[in-house]
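Novice: Enclosed is the structure file data36.txt (compact mmCIF, C-alpha atoms).
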# COMPACT_ATOMS: atom_id res chain seq x y z
CA MET A 1 103.34 88.69 84.03
CA THR A 2 102.83 91.01 86.99
CA SER A 3 105.41 90.52 89.72
CA ILE A 4 105.70 91.70 93.30
CA ASP A 5 108.04 91.28 96.23
CA LEU A 6 106.75 90.10 99.61
CA ASN A 7 108.55 91.55 102.60
CA ALA A 8 108.11 91.10 106.34
CA ASP A 9 109.63 92.66 109.46
CA LEU A 10 111.76 89.96 111.10
CA GLY A 11 114.28 89.57 113.90
CA GLU A 12 112.08 91.63 116.20
CA GLY A 13 113.09 89.98 119.43
CA PHE A 14 115.57 90.87 122.12
CA GLY A 15 117.38 88.43 124.37
CA ARG A 16 114.90 85.82 125.60
CA TRP A 17 111.94 87.77 124.21
CA GLN A 18 110.82 86.60 120.74
CA LEU A 19 108.11 88.32 118.73
CA THR A 20 108.23 87.05 115.16
CA ASP A 21 108.29 83.48 113.82
CA ASP A 22 111.31 84.21 111.66
CA GLU A 23 112.10 80.72 110.40
CA ARG A 24 108.59 79.96 109.15
CA LEU A 25 108.07 83.41 107.63
CA LEU A 26 111.35 83.07 105.76
CA SER A 27 109.82 80.12 103.91
CA VAL A 28 107.16 82.45 102.47
CA VAL A 29 108.57 85.95 101.94
CA THR A 30 111.13 87.03 99.37
CA SER A 31 112.63 89.91 101.38
CA ALA A 32 113.29 90.21 105.13
CA ASN A 33 113.40 93.57 106.90
CA VAL A 34 115.73 92.69 109.78
CA ALA A 35 115.71 94.73 112.98
CA CYS A 36 119.16 96.15 113.64
CA GLY A 37 119.11 96.55 117.41
CA PHE A 38 117.60 100.03 117.78
CA HIS A 39 113.88 99.19 118.00
CA ALA A 40 114.34 95.43 118.42
CA GLY A 41 116.89 92.74 117.64
CA ASP A 42 120.25 91.87 119.10
CA ALA A 43 123.49 90.43 117.78
CA ALA A 44 122.51 86.78 118.15
CA THR A 45 119.11 87.36 116.54
CA MET A 46 120.59 89.29 113.62
CA ARG A 47 123.12 86.53 113.00
CA ARG A 48 120.48 83.80 113.14
CA VAL A 49 118.04 85.55 110.81
CA CYS A 50 120.80 86.37 108.30
CA GLU A 51 121.90 82.72 108.24
CA GLN A 52 118.34 81.48 107.77
CA ALA A 53 117.61 84.06 105.07
CA ALA A 54 120.78 83.16 103.20
CA GLU A 55 119.89 79.46 103.29
CA ARG A 56 116.52 80.22 101.67
CA GLY A 57 117.69 82.83 99.17
CA VAL A 58 115.68 85.57 100.85
CA ARG A 59 117.01 89.11 100.42
CA ILE A 60 118.13 90.85 103.60
CA GLY A 61 117.11 94.44 104.29
CA ALA A 62 118.30 96.66 107.13
CA GLN A 63 115.27 97.93 109.02
CA VAL A 64 116.67 101.09 110.58
CA SER A 65 114.93 102.91 113.40
CA TYR A 66 115.12 105.61 115.99
CA ARG A 67 117.00 104.43 119.10
CA ASP A 68 113.87 103.33 121.00
CA LEU A 69 113.90 99.78 122.36
CA ALA A 70 111.36 100.59 125.07
CA GLY A 71 108.87 102.00 122.58
CA PHE A 72 109.57 99.49 119.78
CA GLY A 73 110.58 102.40 117.56
CA ARG A 74 107.03 103.69 117.38
CA ARG A 75 107.45 106.83 119.49
CA ALA A 76 108.01 110.21 117.86
CA MET A 77 111.56 111.45 118.46
CA ASP A 78 113.54 114.52 117.45
CA VAL A 79 117.05 113.44 116.52
CA PRO A 80 119.59 115.90 115.06
CA PRO A 81 120.19 115.08 111.37
CA ALA A 82 123.90 114.36 111.71
CA GLU A 83 123.23 112.01 114.63
CA LEU A 84 120.41 110.24 112.80
CA ALA A 85 122.54 109.78 109.68
CA ALA A 86 125.32 108.22 111.75
CA GLU A 87 122.88 105.91 113.53
CA VAL A 88 121.42 104.76 110.21
CA THR A 89 124.92 103.95 108.95
CA TYR A 90 125.73 102.16 112.21
CA GLN A 91 122.66 99.93 111.95
CA ILE A 92 123.33 99.01 108.33
CA GLY A 93 126.93 98.22 109.15
CA ALA A 94 126.02 95.99 112.07
CA LEU A 95 123.65 93.91 109.94
CA GLU A 96 126.08 93.81 107.02
CA VAL A 97 128.68 92.00 109.15
CA PHE A 98 126.27 89.17 109.88
CA ALA A 99 124.96 89.09 106.30
CA ARG A 100 128.51 88.78 104.94
CA ALA A 101 129.33 86.05 107.43
CA ALA A 102 126.29 84.14 106.16
CA GLY A 103 127.53 84.43 102.57
CA THR A 104 125.23 87.20 101.43
CA ARG A 105 124.84 90.96 101.96
CA VAL A 106 122.41 93.67 102.95
CA SER A 107 120.38 94.31 99.80
CA TYR A 108 118.26 97.32 100.76
CA VAL A 109 117.25 99.66 103.59
CA LYS A 110 113.79 100.31 105.06
CA PRO A 111 112.98 102.66 107.96
CA HIS A 112 110.79 101.34 110.77
CA GLY A 113 107.83 102.68 112.72
CA ALA A 114 107.94 106.34 113.71
CA LEU A 115 110.93 106.97 111.46
CA TYR A 116 109.12 105.43 108.48
CA ASN A 117 106.14 107.71 108.97
CA ARG A 118 108.27 110.78 109.76
CA VAL A 119 110.26 110.62 106.52
CA VAL A 120 107.10 110.61 104.43
CA HIS A 121 106.84 114.40 104.96
CA ASP A 122 109.89 115.57 106.94
CA GLU A 123 112.58 116.79 104.54
CA GLU A 124 115.30 117.06 107.17
CA GLN A 125 114.83 113.62 108.68
CA ALA A 126 114.42 112.02 105.25
CA GLY A 127 117.65 113.67 104.13
CA ALA A 128 119.42 112.32 107.20
CA VAL A 129 118.31 108.77 106.41
CA VAL A 130 119.54 109.15 102.83
CA ASP A 131 122.87 110.51 104.06
CA GLY A 132 123.20 107.52 106.38
CA VAL A 133 122.52 105.08 103.56
CA LEU A 134 124.99 106.82 101.26
CA LEU A 135 127.72 106.61 103.88
CA ALA A 136 127.11 102.87 104.30
CA ASP A 137 126.74 101.96 100.63
CA ALA A 138 125.82 104.36 97.82
CA THR A 139 124.23 101.55 95.79
CA LEU A 140 121.64 100.35 98.34
CA PRO A 141 117.96 100.60 97.34
CA VAL A 142 115.65 102.39 99.79
CA LEU A 143 112.18 100.98 100.45
CA GLY A 144 109.40 103.41 101.37
CA LEU A 145 105.95 104.85 100.83
CA PRO A 146 105.08 106.09 97.30
CA GLY A 147 105.30 109.88 97.10
CA SER A 148 107.38 110.17 100.27
CA ARG A 149 110.15 112.71 100.74
CA LEU A 150 112.42 109.77 101.54
CA LEU A 151 112.05 108.17 98.13
CA ASP A 152 112.25 111.51 96.35
CA LEU A 153 115.53 112.43 98.06
CA ALA A 154 116.89 108.90 97.64
CA ALA A 155 116.29 109.03 93.90
CA LYS A 156 117.90 112.48 93.66
CA ALA A 157 120.95 111.11 95.48
CA GLY A 158 121.24 108.22 92.99
CA LEU A 159 119.87 105.52 95.29
CA PRO A 160 117.29 103.12 93.82
CA ALA A 161 113.90 104.14 95.26
CA VAL A 162 111.51 101.22 95.70
CA THR A 163 107.83 101.77 96.46
CA GLU A 164 106.01 99.72 99.07
CA ALA A 165 102.39 98.99 99.97
CA PHE A 166 100.77 97.49 103.06
CA ALA A 167 98.05 94.87 102.81
CA ASP A 168 97.24 94.97 106.52
CA ARG A 169 97.30 98.72 107.17
CA ALA A 170 94.53 101.27 106.55
CA TYR A 171 95.20 104.17 104.19
CA THR A 172 94.09 107.80 104.24
CA GLU A 173 92.68 109.47 101.14
CA GLN A 174 96.13 111.03 100.64
CA GLY A 175 97.79 107.62 100.32
CA THR A 176 99.50 107.71 103.72
CA LEU A 177 99.06 105.17 106.51
CA VAL A 178 96.43 105.78 109.17
CA PRO A 179 98.36 106.31 112.46
CA ARG A 180 98.38 103.22 114.65
CA GLY A 181 96.76 105.11 117.52
CA GLN A 182 93.55 105.59 115.53
CA ASP A 183 90.69 103.09 115.25
CA GLY A 184 90.89 100.84 112.22
CA ALA A 185 94.56 101.55 111.53
CA VAL A 186 95.31 97.83 111.22
CA VAL A 187 93.27 95.55 108.94
CA THR A 188 92.61 92.42 111.01
CA ASP A 189 90.28 90.43 108.73
CA PRO A 190 92.49 87.81 106.99
CA ASP A 191 90.19 87.57 103.96
CA ALA A 192 90.35 91.34 103.50
CA VAL A 193 94.15 91.31 103.73
CA VAL A 194 94.37 88.59 101.07
CA GLU A 195 92.05 90.40 98.66
CA ARG A 196 93.74 93.75 99.25
CA SER A 197 97.06 92.09 98.38
CA VAL A 198 95.74 90.87 95.04
CA GLY A 199 94.18 94.25 94.28
CA LEU A 200 97.40 96.09 95.05
CA ALA A 201 99.45 93.73 92.88
CA HIS A 202 97.13 93.89 89.86
CA SER A 203 95.68 97.40 89.89
CA GLY A 204 97.81 99.38 92.33
CA VAL A 205 94.64 100.58 94.04
CA VAL A 206 93.48 100.20 97.63
CA THR A 207 90.32 101.47 99.33
CA SER A 208 91.03 104.11 101.98
CA ARG A 209 89.48 103.97 105.44
CA SER A 210 86.86 106.47 104.24
CA GLY A 211 85.95 104.28 101.27
CA VAL A 212 87.75 106.26 98.57
CA PRO A 213 89.95 104.36 96.07
CA VAL A 214 93.60 105.39 96.41
CA GLU A 215 96.38 104.68 93.92
CA VAL A 216 99.32 102.91 95.59
CA ARG A 217 101.71 101.66 92.92
CA ALA A 218 104.21 99.44 94.67
CA ARG A 219 106.99 97.02 93.81
CA SER A 220 106.96 95.41 97.25
CA LEU A 221 104.15 94.35 99.57
CA CYS A 222 104.66 94.32 103.35
CA LEU A 223 103.11 91.77 105.69
CA HIS A 224 103.73 92.44 109.36
CA GLY A 225 105.36 89.54 111.15
CA ASP A 226 104.15 90.58 114.60
CA THR A 227 100.44 90.11 113.94
CA SER A 228 98.46 87.11 115.17
CA GLY A 229 98.57 84.24 112.66
CA ALA A 230 101.19 86.02 110.56
CA VAL A 231 102.68 82.86 109.04
CA GLU A 232 99.40 81.36 107.85
CA LEU A 233 98.26 84.74 106.56
CA ALA A 234 101.50 85.19 104.62
CA ARG A 235 101.05 81.75 103.07
CA ARG A 236 97.50 82.58 102.04
CA VAL A 237 98.57 85.88 100.52
CA ARG A 238 101.36 84.31 98.51
CA ALA A 239 99.19 81.43 97.31
CA ARG A 240 96.39 83.78 96.25
CA LEU A 241 98.81 86.08 94.44
CA GLU A 242 100.29 83.20 92.49
CA GLU A 243 96.84 81.79 91.71
CA SER A 244 95.88 85.17 90.26
CA GLY A 245 98.87 85.19 87.93
CA VAL A 246 101.30 87.28 89.97
CA ARG A 247 104.95 86.21 90.08
CA VAL A 248 106.25 86.60 93.64
CA GLU A 249 109.94 87.53 93.55
CA ALA A 250 112.43 89.84 95.25
CA PHE A 251 112.83 93.32 93.77
CA VAL A 252 116.64 93.05 93.93
Render the structure in this file as structure tokens.
Specialist:
Amino acid sequence: MTSIDLNADLGEGFGRWQLTDDERLLSVVTSANVACGFHAGDAATMRRVCEQAAERGVRIGAQVSYRDLAGFGRRAMDVPPAELAAEVTYQIGALEVFARAAGTRVSYVKPHGALYNRVVHDEEQAGAVVDGVLLADATLPVLGLPGSRLLDLAAKAGLPAVTEAFADRAYTEQGTLVPRGQDGAVVTDPDAVVERSVGLAHSGVVTSRSGVPVEVRARSLCLHGDTSGAVELARRVRARLEESGVRVEAFV
């Protein structure tokens, strides 16, 4: 039977500001990418999400980012490699404390936003992320875009490299994500998101924004938690996957 992991970005609030419906999404997804305080999230939020994830058996991932609270981690930044590596380690460590306190652990690492897109092609920044993960825990899987420099360097360093696809993001013909600043970068039709999810799980193919089929073989499927109606959409995606014969389970 085909299987796939469902992950979502969670814990993306700060103080009194809440963005994602963490508790309800944790009843649907199998992995939670938890903000570690650099693009969103704070200590209380990290603790709460880790406790809720542990209660439901959902795997916890450290969603590491550039230090950019004001820009939600989506602004391009030039950070020296040694500094970036240290900041990646710092974020993983912060989340690990709360995961351990909840009786579980950080199970993988996924970059966020501008950092995620940067390490698709940037050798230096990708290497810094890998160095940061290695310093935190040399056994942690790294989640990223198929064919990215990040996953290539992670694998060479002995870290498990896990491929990821996006049901609600548009793809270029090269298999990269259409930048958010461009028209059509986000797929907003719920029916289209559901059907794209099934297609990705079964065939590993998605139609690019220009209409060309693109191969995107992925072990994990991301559903953004900050979109309108995210919980209901996640439920529909999971139900449709299971109806089509896909086993939904964590990759670790």
Novice: Would you mind listing what lies within 9 Å of Leu151 in chain A as a list of chain:residue names, with all atoms listed in the file counted and same-chain residues fewer than 3 positions away left out?
Specialist: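 That gives A:Val119, A:Val120, A:Ala126, A:Val130, A:Val142, A:Leu143, A:Gly144, A:Leu145, A:Pro146, A:Gly147, A:Ser148, A:Ala154, A:Ala155, A:Lys156, A:Leu159, A:Pro160, A:Ala161, A:Val162, A:Thr163.
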Novice: Okay, now the selection with C-alpha atoms, as a PDB file, in the coordinates of the input?
Specialist:
ATOM      1  CA  VAL A 119     110.260 110.620 106.520  1.00  0.00           C
ATOM      2  CA  VAL A 120     107.100 110.610 104.430  1.00  0.00           C
ATOM      3  CA  ALA A 126     114.420 112.020 105.250  1.00  0.00           C
ATOM      4  CA  VAL A 130     119.540 109.150 102.830  1.00  0.00           C
ATOM      5  CA  VAL A 142     115.650 102.390  99.790  1.00  0.00           C
ATOM      6  CA  LEU A 143     112.180 100.980 100.450  1.00  0.00           C
ATOM      7  CA  GLY A 144     109.400 103.410 101.370  1.00  0.00           C
ATOM      8  CA  LEU A 145     105.950 104.850 100.830  1.00  0.00           C
ATOM      9  CA  PRO A 146     105.080 106.090  97.300  1.00  0.00           C
ATOM     10  CA  GLY A 147     105.300 109.880  97.100  1.00  0.00           C
ATOM     11  CA  SER A 148     107.380 110.170 100.270  1.00  0.00           C
ATOM     12  CA  ALA A 154     116.890 108.900  97.640  1.00  0.00           C
ATOM     13  CA  ALA A 155     116.290 109.030  93.900  1.00  0.00           C
ATOM     14  CA  LYS A 156     117.900 112.480  93.660  1.00  0.00           C
ATOM     15  CA  LEU A 159     119.870 105.520  95.290  1.00  0.00           C
ATOM     16  CA  PRO A 160     117.290 103.120  93.820  1.00  0.00           C
ATOM     17  CA  ALA A 161     113.900 104.140  95.260  1.00  0.00           C
ATOM     18  CA  VAL A 162     111.510 101.220  95.700  1.00  0.00           C
ATOM     19  CA  THR A 163     107.830 101.770  96.460  1.00  0.00           C
TER      20      THR A 163
END
Novice: One decimal, in Å: what's the spacing between CA of Cys222 in chain A and CA of Ala99 in chain A?
Specialist: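 Atom-to-atom, CA of Cys222 in chain A and CA of Ala99 in chain A are spaced 21.2 Å apart.
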Novice: I'd like the interatomic distance between CA of Gln182 in chain A and CA of Arg169 in chain A, to a tenth of an Å.
Specialist: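 Value for the CA of Gln182 in chain A-CA of Arg169 in chain A distance: 11.5 Å.
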Novice: Could you check how far CA of Glu124 in chain A sits from CA of Ala86 in chain A, in Å to one decimal?
Specialist: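 Straight-line distance from CA of Glu124 in chain A to CA of Ala86 in chain A works out to 14.1 Å.
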Novice: Find, counting all atoms listed in the file, the residue in A:Val129, A:Leu241, A:Ala234, A:Ala32 that gets nearest to Pro81 in chain A.
Specialist: A:Val129
Novice: Taking only C-alpha atoms into account, which of A:Tyr108, A:Phe98, A:Trp17, A:Tyr171 comes nearest Ala250 in chain A?
Specialist: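 Of A:Tyr108, A:Phe98, A:Trp17, A:Tyr171, the one nearest Ala250 in chain A is A:Tyr108, counting only C-alpha atoms.
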Novice: Using all atoms listed in the file, collect all residues at a distance of at most 12 Å from (103.4, 95.4, 81.9) as written in the file, then present them as a PyMOL selection string.
Specialist: chain A and resi 1-3+201-203+246
Novice: With C-alpha atoms retained, write the just-selected residues as a tab-separated table (two decimals), in the coordinates of the input.
Specialist:
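So the final result, stored in part13.tsv, reads:
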chain	number	residue	atom	x	y	z
A	1	MET	CA	103.34	88.69	84.03
A	2	THR	CA	102.83	91.01	86.99
A	3	SER	CA	105.41	90.52	89.72
A	201	ALA	CA	99.45	93.73	92.88
A	202	HIS	CA	97.13	93.89	89.86
A	203	SER	CA	95.68	97.40	89.89
A	246	VAL	CA	101.30	87.28	89.97
Novice: Given all atoms listed in the file as the basis, pick out the residue of A:Asp137, A:Glu173, A:Asp42, A:Glu215 nearest to Gly93 in chain A.
Specialist: A:Asp137
Novice: Show which residues sit within 12 Å of Gly175 in chain A, as a list in words. Count only C-alpha atoms, and ignore same-chain residues fewer than 3 positions away.
Specialist: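 Returned residues: Val120, Leu145, Pro146, Gly147, Ser148, Glu164, Ala165, Phe166, Arg169, Ala170, Tyr171, Thr172, Val178, Gly204, Val205, Val206, Thr207, Ser208, Arg209, Ser210, Val212, Pro213, Val214, Glu215, Val216, Arg217 and Ala218 of chain A.
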Novice: Tell me, as a short mmCIF file (atom, residue, chain, number, x, y, z; two decimals) with C-alpha atoms, in the coordinates of the input, which residues lie within 12 Å of Gly11 in chain A, counting only C-alpha atoms; anything in the same chain fewer than 5 positions away does not count.
Specialist:
data_model
loop_
_atom_site.label_atom_id
_atom_site.label_comp_id
_atom_site.auth_asym_id
_atom_site.auth_seq_id
_atom_site.Cartn_x
_atom_site.Cartn_y
_atom_site.Cartn_z
CA TRP A 17 111.94 87.77 124.21
CA GLN A 18 110.82 86.60 120.74
CA LEU A 19 108.11 88.32 118.73
CA THR A 20 108.23 87.05 115.16
CA ASP A 21 108.29 83.48 113.82
CA ASP A 22 111.31 84.21 111.66
CA GLU A 23 112.10 80.72 110.40
CA LEU A 25 108.07 83.41 107.63
CA LEU A 26 111.35 83.07 105.76
CA ALA A 32 113.29 90.21 105.13
CA ASN A 33 113.40 93.57 106.90
CA VAL A 34 115.73 92.69 109.78
CA ALA A 35 115.71 94.73 112.98
CA CYS A 36 119.16 96.15 113.64
CA GLY A 37 119.11 96.55 117.41
CA PHE A 38 117.60 100.03 117.78
CA HIS A 39 113.88 99.19 118.00
CA ALA A 40 114.34 95.43 118.42
CA GLY A 41 116.89 92.74 117.64
CA ASP A 42 120.25 91.87 119.10
CA ALA A 43 123.49 90.43 117.78
CA ALA A 44 122.51 86.78 118.15
CA THR A 45 119.11 87.36 116.54
CA MET A 46 120.59 89.29 113.62
CA ARG A 47 123.12 86.53 113.00
CA ARG A 48 120.48 83.80 113.14
CA VAL A 49 118.04 85.55 110.81
CA CYS A 50 120.80 86.37 108.30
CA GLU A 51 121.90 82.72 108.24
CA GLN A 52 118.34 81.48 107.77
CA ALA A 53 117.61 84.06 105.07
CA ILE A 60 118.13 90.85 103.60
CA GLY A 61 117.11 94.44 104.29
CA ALA A 62 118.30 96.66 107.13
CA GLN A 63 115.27 97.93 109.02
CA LEU A 95 123.65 93.91 109.94
CA HIS A 224 103.73 92.44 109.36
CA GLY A 225 105.36 89.54 111.15
CA ASP A 226 104.15 90.58 114.60
#
Novice: For Pro190 in chain A, work out the shell of residues within 9 Å, counting all atoms listed in the file and skipping chain neighbours fewer than 6 positions away, then give it as a list in words.
Specialist: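 Returned residues: Asp168, Leu233 and Arg236 of chain A.
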Novice: Would you mind telling me which residue in A:Thr104, A:Gly158, A:Glu249, A:Val194 lies nearest to Arg235 in chain A when using all atoms listed in the file?
Specialist: A:Val194
Novice: Which residue gives the smallest distance to Val193 in chain A among A:Ala230, A:Ile4, A:Gly73, A:Gly127, with only C-alpha atoms counted?
Specialist: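 Among A:Ala230, A:Ile4, A:Gly73, A:Gly127, it is A:Ala230 that comes nearest to Val193 in chain A.
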Novice: Considering all atoms listed in the file, state which residue in the set A:Val88, A:Ala54, A:Val198, A:Ala128 is at the smallest distance from Glu243 in chain A.
Specialist: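 Looking at the shortest contact to Glu243 in chain A, the residue is A:Val198.
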Novice: Produce the centre coordinates and the three edge lengths, each in Å to one decimal, of the box along x, y and z that contains all listed atoms of range 147-152 of chain A with 4 Å added on each side, as AutoDock Vina command-line options.
Specialist:
--center_x 108.9 --center_y 110.4 --center_z 98.9 --size_x 15.1 --size_y 12.5 --size_z 13.2
